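K.L.:
One structure is given below, represented as structure tokens, and several questions about it will come after.
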Amino acid sequence: MVTIKPFKGFRYNPVKIKDLADVATPPYDVISDAQRETFASRSKYNYVHLILPRAEAGDKYAASASLLKKWIDEGIFVQDPQDSIYVLSHAFTHGGKEYTRLSFVALVEIEPLGKGVLPHEKTFPKPMEDRFKLMEANKANLEQIFFIYNDSEKGIEALLGKAIEGKPADETFTDVDGGIQQFWRISEKKTVAAIVKEMGKQQCVIADGHHRYKTSMEFMAKHPEIKGARYRMTAFVNSVDPGLLVLPTNRLLFNIGAVDVNQVLARLGAYFTIDRVAGERALIEQMRATPVIDEKRHVKNVVIGMQCNIDGNSYLLKIKDLAVLDRKYADQSPAYRQLDLNVLHRLVIEECLGIKDDSLEIGKNIEYVKGVEETMNKMKDTRKYQVGFYVNAVLMDEIFQVTRAGEVMPHKTTFFYPKMYSGLVFYKMADD
């Protein structure tokens, strides 16, 4: 179970920064070079100057640290006087529907993965040196990582809701996507203690920030003299929150050599019912019309959409019998066997297409694409992309069942939406 605690966060001074929309940003790893320049031009105090520093000469990490110190000295950032937990309400629109997600930010005690903190999906090798150097220079967590926990009773939300009920938000701003974000600080000791106690019963899953968590583990190991390095600033969301969206990531294959479509379809036919569909939009409609759970049979429907540029057809693949997965993948937990992406990678791509999963490499023969429209647009390039696969989003229950079984899902299984914004609060370890 996790151990959390409040902290004295640093925030933009509302006297000097009138609107957080001018300075807050999405997390560093989703900001393109062009977007970085747009954010930087909004304000000389925009947070992007700290999390994606630039230096014409010298060390960009030192430049970030120097700028952070300067802004603190100038009163651009001020530290809260009391240990606090920070509450964020994020109202947004997706797919024509309105949602509100509630989260809170606190410190989590760093521990080895696999006990109170669980990873949920495989991650690609990614240099952690960049974020490590930024942390080393600033001795701070400038951005939170994102955990989910499962509290079906919603006891923690009740505590948060009671604490902010009737209180005006400390900050309210409209983000670049049109979302309305409100931010409160909770410092009342009894309430904070109750939240800490309830979270002590929770096992958490890393939703976003696997590499950053590992970076913090490395930093803690290197700096045992820094007491505050034992903790990581983290945002927590209840997995039953209706505003917590988990979106799918589709797969596009290219450079996979010659493909005999009839032979592949024959192989697929041993495991799937195959319906040829008139166009990719009709394919998506049929996928959405198929319930994820078959209520009559009380089983999961594993459904995959296949758009084949080789023969110009689209196919709806639906597993015939889940028992075949039990026989073929007995080394996996029942929940893992039935993951749509596990079926796609192991049964469709490896067995029926004959492409080993460990041979797939971004930029070489596979591309991961978020969203139906972007996938369809890319698949118009029939000279490049040979086969595209549309998948349903993973179920929240599946995430917890798989992670609690000690397994991690395939690469790019989840896309938690929307991303947690940066610049609302940060944690300086030296001030712990």
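Order determines the names: the first chain of the structure tokens is A, the second B, and so forth; residues in each chain are numbered 1 upward, and ligands are numbered 1 upward as they are shown.
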Neighbours of Arg276 of chain A within 12 Å (only C-alpha atoms; same-chain residues fewer than 4 positions away dropped), as a list of chain:residue names?
P.N.:
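Skipping anything fewer than 4 positions along the chain leaves A:Leu265, A:Glu280, A:Ala282, A:Leu283, A:Gln286, A:Gly305, A:Met306, A:Gln307, A:Cys308, A:Asp311, A:Gly312, A:Asn313, A:Ser314, A:Tyr315, A:Leu316, A:Leu317, A:Lys318.
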K.L.:
For the residues selected in the previous step, produce a file with C-alpha atoms as a PDB file, in the first residue's frame.
P.N.:
```pdb
ATOM      1  CA  LEU A 265      -7.626 -14.509 -43.776  1.00  0.00           C
ATOM      2  CA  GLU A 280     -13.361   2.023 -42.471  1.00  0.00           C
ATOM      3  CA  ALA A 282     -18.603   1.401 -41.259  1.00  0.00           C
ATOM      4  CA  LEU A 283     -15.928  -0.741 -39.604  1.00  0.00           C
ATOM      5  CA  GLN A 286     -19.722  -1.947 -36.196  1.00  0.00           C
ATOM      6  CA  GLY A 305     -10.955  -3.793 -36.773  1.00  0.00           C
ATOM      7  CA  MET A 306      -8.534  -4.508 -39.621  1.00  0.00           C
ATOM      8  CA  GLN A 307      -8.107  -2.083 -42.513  1.00  0.00           C
ATOM      9  CA  CYS A 308      -6.103  -3.719 -45.277  1.00  0.00           C
ATOM     10  CA  ASP A 311      -6.623  -5.587 -51.006  1.00  0.00           C
ATOM     11  CA  GLY A 312      -8.529  -2.393 -50.202  1.00  0.00           C
ATOM     12  CA  ASN A 313     -10.926  -4.065 -47.762  1.00  0.00           C
ATOM     13  CA  SER A 314     -11.853  -3.637 -44.116  1.00  0.00           C
ATOM     14  CA  TYR A 315     -12.591  -6.571 -41.838  1.00  0.00           C
ATOM     15  CA  LEU A 316     -14.249  -6.940 -38.449  1.00  0.00           C
ATOM     16  CA  LEU A 317     -12.573  -9.696 -36.444  1.00  0.00           C
ATOM     17  CA  LYS A 318     -14.434 -11.200 -33.489  1.00  0.00           C
TER      18      LYS A 318
END
```
K.L.:
Can you tell me, as number ranges by chain, what residues are no more than 9 Å from segment 204-219 of chain A when counting only C-alpha atoms, ignoring any on the same chain fewer than 6 positions away?
P.N.:
A: 1-2, 110-113, 115-121, 123, 126-129, 131-132, 135-136, 141, 144-150, 229-232, 236, 399-400, 403, 414-416, 419
K.L.:
Enumerate, as a VMD selection string, the complete set of residues in segment 28-161 of chain A that a backbone-based DSSP assignment places in strand (DSSP E).
P.N.:
chain A and resid 77 to 79 85 to 94 97 to 109 117 to 118 140 to 141 145 to 149
K.L.:
For Leu252 of chain A, please output as a list in words all residues within 6 Å (counting only C-alpha atoms; exclusion window: fewer than 3 positions along the same chain).
P.N.:
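Final neighbour list, sorted by chain and number: Ile366, Glu367, Val387 and Gly388 of chain A.
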K.L.:
Using only C-alpha atoms, which residues sit within 7 Å of Ile186 of chain A once same-chain residues fewer than 6 positions away are excluded, as a ChimeraX atom specification?
P.N.:
/A:84-86,163
K.L.:
Counting only C-alpha atoms, which of A:Leu424, A:Val240, A:Leu142, A:Leu268 gets nearest to Leu102 of chain A?
P.N.:
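Looking at the shortest contact to Leu102 of chain A, the residue is A:Val240.
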K.L.:
Measuring atom to atom with only C-alpha atoms, identify which of A:Lys154, A:Arg185, A:His411, A:Arg11 is nearest to Pro168 of chain A.
P.N.:
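That would be A:Arg185, the residue with the smallest distance to Pro168 of chain A.
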K.L.:
May I have the residues within 12 Å of Glu153 of chain A as JSON, numbers by chain, using only C-alpha atoms and disregarding those fewer than 6 positions away in the same chain?
P.N.:
{"A": [159, 198, 238, 239, 240, 241]}
K.L.:
Calculate how many Å separate atom CA of Leu339 of chain A from atom CA of Ile256 of chain A, rounding to one decimal.
P.N.:
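Straight-line distance from atom CA of Leu339 of chain A to atom CA of Ile256 of chain A works out to 24.0 Å.
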K.L.:
Rank A:Gly58, A:Lys428, A:Phe124, A:Ser187 by their smallest atom-to-atom distance to Ile226 of chain A, using only C-alpha atoms, and report the top residue only.
P.N.:
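Ranked by minimum distance to Ile226 of chain A, first place goes to A:Lys428.
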K.L.:
Mind checking which residues fall within 12 Å of Phe272 of chain A, counting only C-alpha atoms, ignoring those fewer than 6 positions away in the same chain, and posting them as a PDB file with N, CA and C atoms, in the first residue's frame?
P.N.:
```pdb
ATOM      1  N   VAL A 264      -3.636 -15.099 -45.020  1.00  0.00           N
ATOM      2  CA  VAL A 264      -3.815 -14.511 -43.684  1.00  0.00           C
ATOM      3  C   VAL A 264      -5.265 -14.653 -43.230  1.00  0.00           C
ATOM      4  N   LEU A 265      -6.208 -14.383 -44.124  1.00  0.00           N
ATOM      5  CA  LEU A 265      -7.626 -14.509 -43.776  1.00  0.00           C
ATOM      6  C   LEU A 265      -7.983 -15.950 -43.423  1.00  0.00           C
ATOM      7  N   ALA A 266      -7.382 -16.890 -44.116  1.00  0.00           N
ATOM      8  CA  ALA A 266      -7.632 -18.304 -43.813  1.00  0.00           C
ATOM      9  C   ALA A 266      -7.142 -18.646 -42.408  1.00  0.00           C
ATOM     10  N   ASN A 301     -16.361  -9.704 -25.354  1.00  0.00           N
ATOM     11  CA  ASN A 301     -16.242  -9.758 -26.805  1.00  0.00           C
ATOM     12  C   ASN A 301     -14.898  -9.155 -27.204  1.00  0.00           C
ATOM     13  N   VAL A 302     -14.019  -9.958 -27.726  1.00  0.00           N
ATOM     14  CA  VAL A 302     -12.746  -9.446 -28.232  1.00  0.00           C
ATOM     15  C   VAL A 302     -12.957  -9.108 -29.700  1.00  0.00           C
ATOM     16  N   VAL A 303     -12.935  -7.807 -29.998  1.00  0.00           N
ATOM     17  CA  VAL A 303     -13.242  -7.329 -31.347  1.00  0.00           C
ATOM     18  C   VAL A 303     -12.108  -6.441 -31.833  1.00  0.00           C
ATOM     19  N   ILE A 304     -11.652  -6.682 -33.055  1.00  0.00           N
ATOM     20  CA  ILE A 304     -10.556  -5.917 -33.654  1.00  0.00           C
ATOM     21  C   ILE A 304     -10.964  -5.507 -35.064  1.00  0.00           C
ATOM     22  N   GLY A 305     -10.705  -4.265 -35.411  1.00  0.00           N
ATOM     23  CA  GLY A 305     -10.955  -3.793 -36.773  1.00  0.00           C
ATOM     24  C   GLY A 305      -9.671  -3.823 -37.585  1.00  0.00           C
ATOM     25  N   TYR A 315     -12.058  -5.348 -42.418  1.00  0.00           N
ATOM     26  CA  TYR A 315     -12.591  -6.571 -41.838  1.00  0.00           C
ATOM     27  C   TYR A 315     -12.819  -6.400 -40.339  1.00  0.00           C
ATOM     28  N   LEU A 316     -13.960  -6.908 -39.878  1.00  0.00           N
ATOM     29  CA  LEU A 316     -14.249  -6.940 -38.449  1.00  0.00           C
ATOM     30  C   LEU A 316     -13.929  -8.341 -37.938  1.00  0.00           C
ATOM     31  N   LEU A 317     -12.998  -8.418 -36.999  1.00  0.00           N
ATOM     32  CA  LEU A 317     -12.573  -9.696 -36.444  1.00  0.00           C
ATOM     33  C   LEU A 317     -13.150  -9.849 -35.039  1.00  0.00           C
ATOM     34  N   LYS A 318     -13.864 -10.935 -34.808  1.00  0.00           N
ATOM     35  CA  LYS A 318     -14.434 -11.200 -33.489  1.00  0.00           C
ATOM     36  C   LYS A 318     -14.067 -12.615 -33.075  1.00  0.00           C
ATOM     37  N   ILE A 319     -13.420 -12.736 -31.912  1.00  0.00           N
ATOM     38  CA  ILE A 319     -12.954 -14.050 -31.459  1.00  0.00           C
ATOM     39  C   ILE A 319     -14.144 -15.007 -31.331  1.00  0.00           C
ATOM     40  N   LYS A 320     -13.959 -16.223 -31.808  1.00  0.00           N
ATOM     41  CA  LYS A 320     -15.044 -17.207 -31.766  1.00  0.00           C
ATOM     42  C   LYS A 320     -15.222 -17.802 -30.377  1.00  0.00           C
ATOM     43  N   ASP A 321     -14.118 -18.177 -29.759  1.00  0.00           N
ATOM     44  CA  ASP A 321     -14.177 -18.913 -28.500  1.00  0.00           C
ATOM     45  C   ASP A 321     -13.015 -18.486 -27.613  1.00  0.00           C
ATOM     46  N   LEU A 322     -13.344 -17.893 -26.464  1.00  0.00           N
ATOM     47  CA  LEU A 322     -12.292 -17.438 -25.555  1.00  0.00           C
ATOM     48  C   LEU A 322     -11.462 -18.596 -25.014  1.00  0.00           C
ATOM     49  N   VAL A 324      -9.937 -20.775 -26.557  1.00  0.00           N
ATOM     50  CA  VAL A 324      -8.704 -20.960 -27.326  1.00  0.00           C
ATOM     51  C   VAL A 324      -7.569 -20.139 -26.719  1.00  0.00           C
ATOM     52  N   LEU A 325      -7.907 -18.994 -26.134  1.00  0.00           N
ATOM     53  CA  LEU A 325      -6.893 -18.158 -25.493  1.00  0.00           C
ATOM     54  C   LEU A 325      -6.375 -18.831 -24.225  1.00  0.00           C
ATOM     55  N   VAL A 343      -4.432 -10.204 -27.802  1.00  0.00           N
ATOM     56  CA  VAL A 343      -4.937 -11.020 -28.912  1.00  0.00           C
ATOM     57  C   VAL A 343      -4.408 -10.487 -30.237  1.00  0.00           C
ATOM     58  N   LEU A 344      -4.393  -9.162 -30.381  1.00  0.00           N
ATOM     59  CA  LEU A 344      -3.888  -8.572 -31.624  1.00  0.00           C
ATOM     60  C   LEU A 344      -2.426  -8.928 -31.849  1.00  0.00           C
ATOM     61  N   LEU A 347      -1.942 -13.297 -31.398  1.00  0.00           N
ATOM     62  CA  LEU A 347      -2.692 -14.177 -32.290  1.00  0.00           C
ATOM     63  C   LEU A 347      -2.761 -13.646 -33.719  1.00  0.00           C
ATOM     64  N   VAL A 348      -3.047 -12.347 -33.865  1.00  0.00           N
ATOM     65  CA  VAL A 348      -3.210 -11.784 -35.211  1.00  0.00           C
ATOM     66  C   VAL A 348      -1.859 -11.493 -35.860  1.00  0.00           C
ATOM     67  N   CYS A 352      -0.895 -15.163 -37.208  1.00  0.00           N
ATOM     68  CA  CYS A 352      -1.565 -15.139 -38.513  1.00  0.00           C
ATOM     69  C   CYS A 352      -0.813 -14.327 -39.565  1.00  0.00           C
TER      70      CYS A 352
END
```
K.L.:
Residues of segment 227-384 of chain A classed as helix (DSSP H, G or I) by DSSP on the backbone are to be reported as a PyMOL selection string.
P.N.:
chain A and resi 227-230+261-268+280-289+323-328+334-337+340-352+357-359+372-379
K.L.:
Which residue, A:Phe254, A:Tyr329, A:Phe39, A:Phe7, has the smallest gap to Ile362 of chain A when you use only C-alpha atoms?
P.N.:
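For Ile362 of chain A, the nearest of the candidates is A:Phe254.
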K.L.:
Hey, can you check how far atom CA of Glu143 of chain A sits from atom CA of Ser103 of chain A?
P.N.:
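Separation between atom CA of Glu143 of chain A and atom CA of Ser103 of chain A: 14.6 Å.
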K.L.:
Give me, as JSON, numbers by chain, all polymer residues having an atom no more than 10 Å from Lys60 of chain A, counting only C-alpha atoms and skipping those fewer than 4 positions away in the same chain.
P.N.:
{"A": [49, 50, 52, 53, 54, 55, 56, 64, 65, 66, 133, 134, 137]}
K.L.:
Using only N, CA and C atoms, please write the residues we just selected to a file, as a short mmCIF file (atom, residue, chain, number, x, y, z; two decimals), in the first residue's frame.
P.N.:
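Just written: again_39.cif:
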```cif
data_model
loop_
_atom_site.label_atom_id
_atom_site.label_comp_id
_atom_site.auth_asym_id
_atom_site.auth_seq_id
_atom_site.Cartn_x
_atom_site.Cartn_y
_atom_site.Cartn_z
N HIS A 49 9.61 27.29 -20.00
CA HIS A 49 11.01 27.72 -19.88
C HIS A 49 11.77 26.89 -18.84
N LEU A 50 11.02 26.30 -17.90
CA LEU A 50 11.64 25.48 -16.86
C LEU A 50 11.69 24.00 -17.23
N LEU A 52 11.23 22.58 -20.34
CA LEU A 52 11.92 22.36 -21.62
C LEU A 52 12.88 23.53 -21.84
N PRO A 53 13.91 23.61 -21.03
CA PRO A 53 14.80 24.77 -21.08
C PRO A 53 15.62 24.83 -22.35
N ARG A 54 15.96 26.03 -22.73
CA ARG A 54 16.85 26.26 -23.87
C ARG A 54 18.00 27.13 -23.39
N ALA A 55 19.15 26.89 -23.96
CA ALA A 55 20.32 27.72 -23.63
C ALA A 55 21.14 27.86 -24.90
N GLU A 56 21.34 29.10 -25.35
CA GLU A 56 22.12 29.33 -26.56
C GLU A 56 23.56 28.88 -26.36
N SER A 64 17.77 26.32 -16.45
CA SER A 64 16.47 26.11 -15.80
C SER A 64 16.57 26.38 -14.31
N ALA A 65 17.61 25.85 -13.68
CA ALA A 65 17.79 26.05 -12.24
C ALA A 65 17.99 27.52 -11.89
N SER A 66 18.76 28.20 -12.71
CA SER A 66 19.00 29.63 -12.48
C SER A 66 17.70 30.42 -12.61
N LYS A 133 18.88 14.95 -15.25
CA LYS A 133 19.71 16.16 -15.19
C LYS A 133 18.88 17.38 -14.76
N LEU A 134 17.63 17.43 -15.21
CA LEU A 134 16.77 18.53 -14.81
C LEU A 134 16.48 18.47 -13.31
N ALA A 137 19.65 19.42 -11.36
CA ALA A 137 19.92 20.86 -11.36
C ALA A 137 18.99 21.62 -10.42
#
```
K.L.:
Smallest atom-to-atom distance to Pro248 of chain A: which of A:Lys197, A:Lys412, A:Lys328, A:Lys139, using only C-alpha atoms?
P.N.:
A:Lys412
K.L.:
Counting only C-alpha atoms, what are the residues of segment 239-274 of chain A within 12 Å of segment 94-99 of chain A, and for each of them which pair of atoms is the nearest and at what distance in Å, to one decimal? Sort the table by chain and rising number, as JSON lines.
P.N.:
```
{"residue": "A:Asp241", "atom": "CA", "partner": "A:Tyr99", "partner_atom": "CA", "distance": 9.9}
{"residue": "A:Pro242", "atom": "CA", "partner": "A:Tyr99", "partner_atom": "CA", "distance": 7.2}
{"residue": "A:Gly243", "atom": "CA", "partner": "A:Tyr99", "partner_atom": "CA", "distance": 5.1}
{"residue": "A:Leu244", "atom": "CA", "partner": "A:Tyr99", "partner_atom": "CA", "distance": 8.5}
{"residue": "A:Leu245", "atom": "CA", "partner": "A:Tyr99", "partner_atom": "CA", "distance": 9.2}
{"residue": "A:Val246", "atom": "CA", "partner": "A:His94", "partner_atom": "CA", "distance": 11.6}
{"residue": "A:Leu247", "atom": "CA", "partner": "A:His94", "partner_atom": "CA", "distance": 10.7}
```
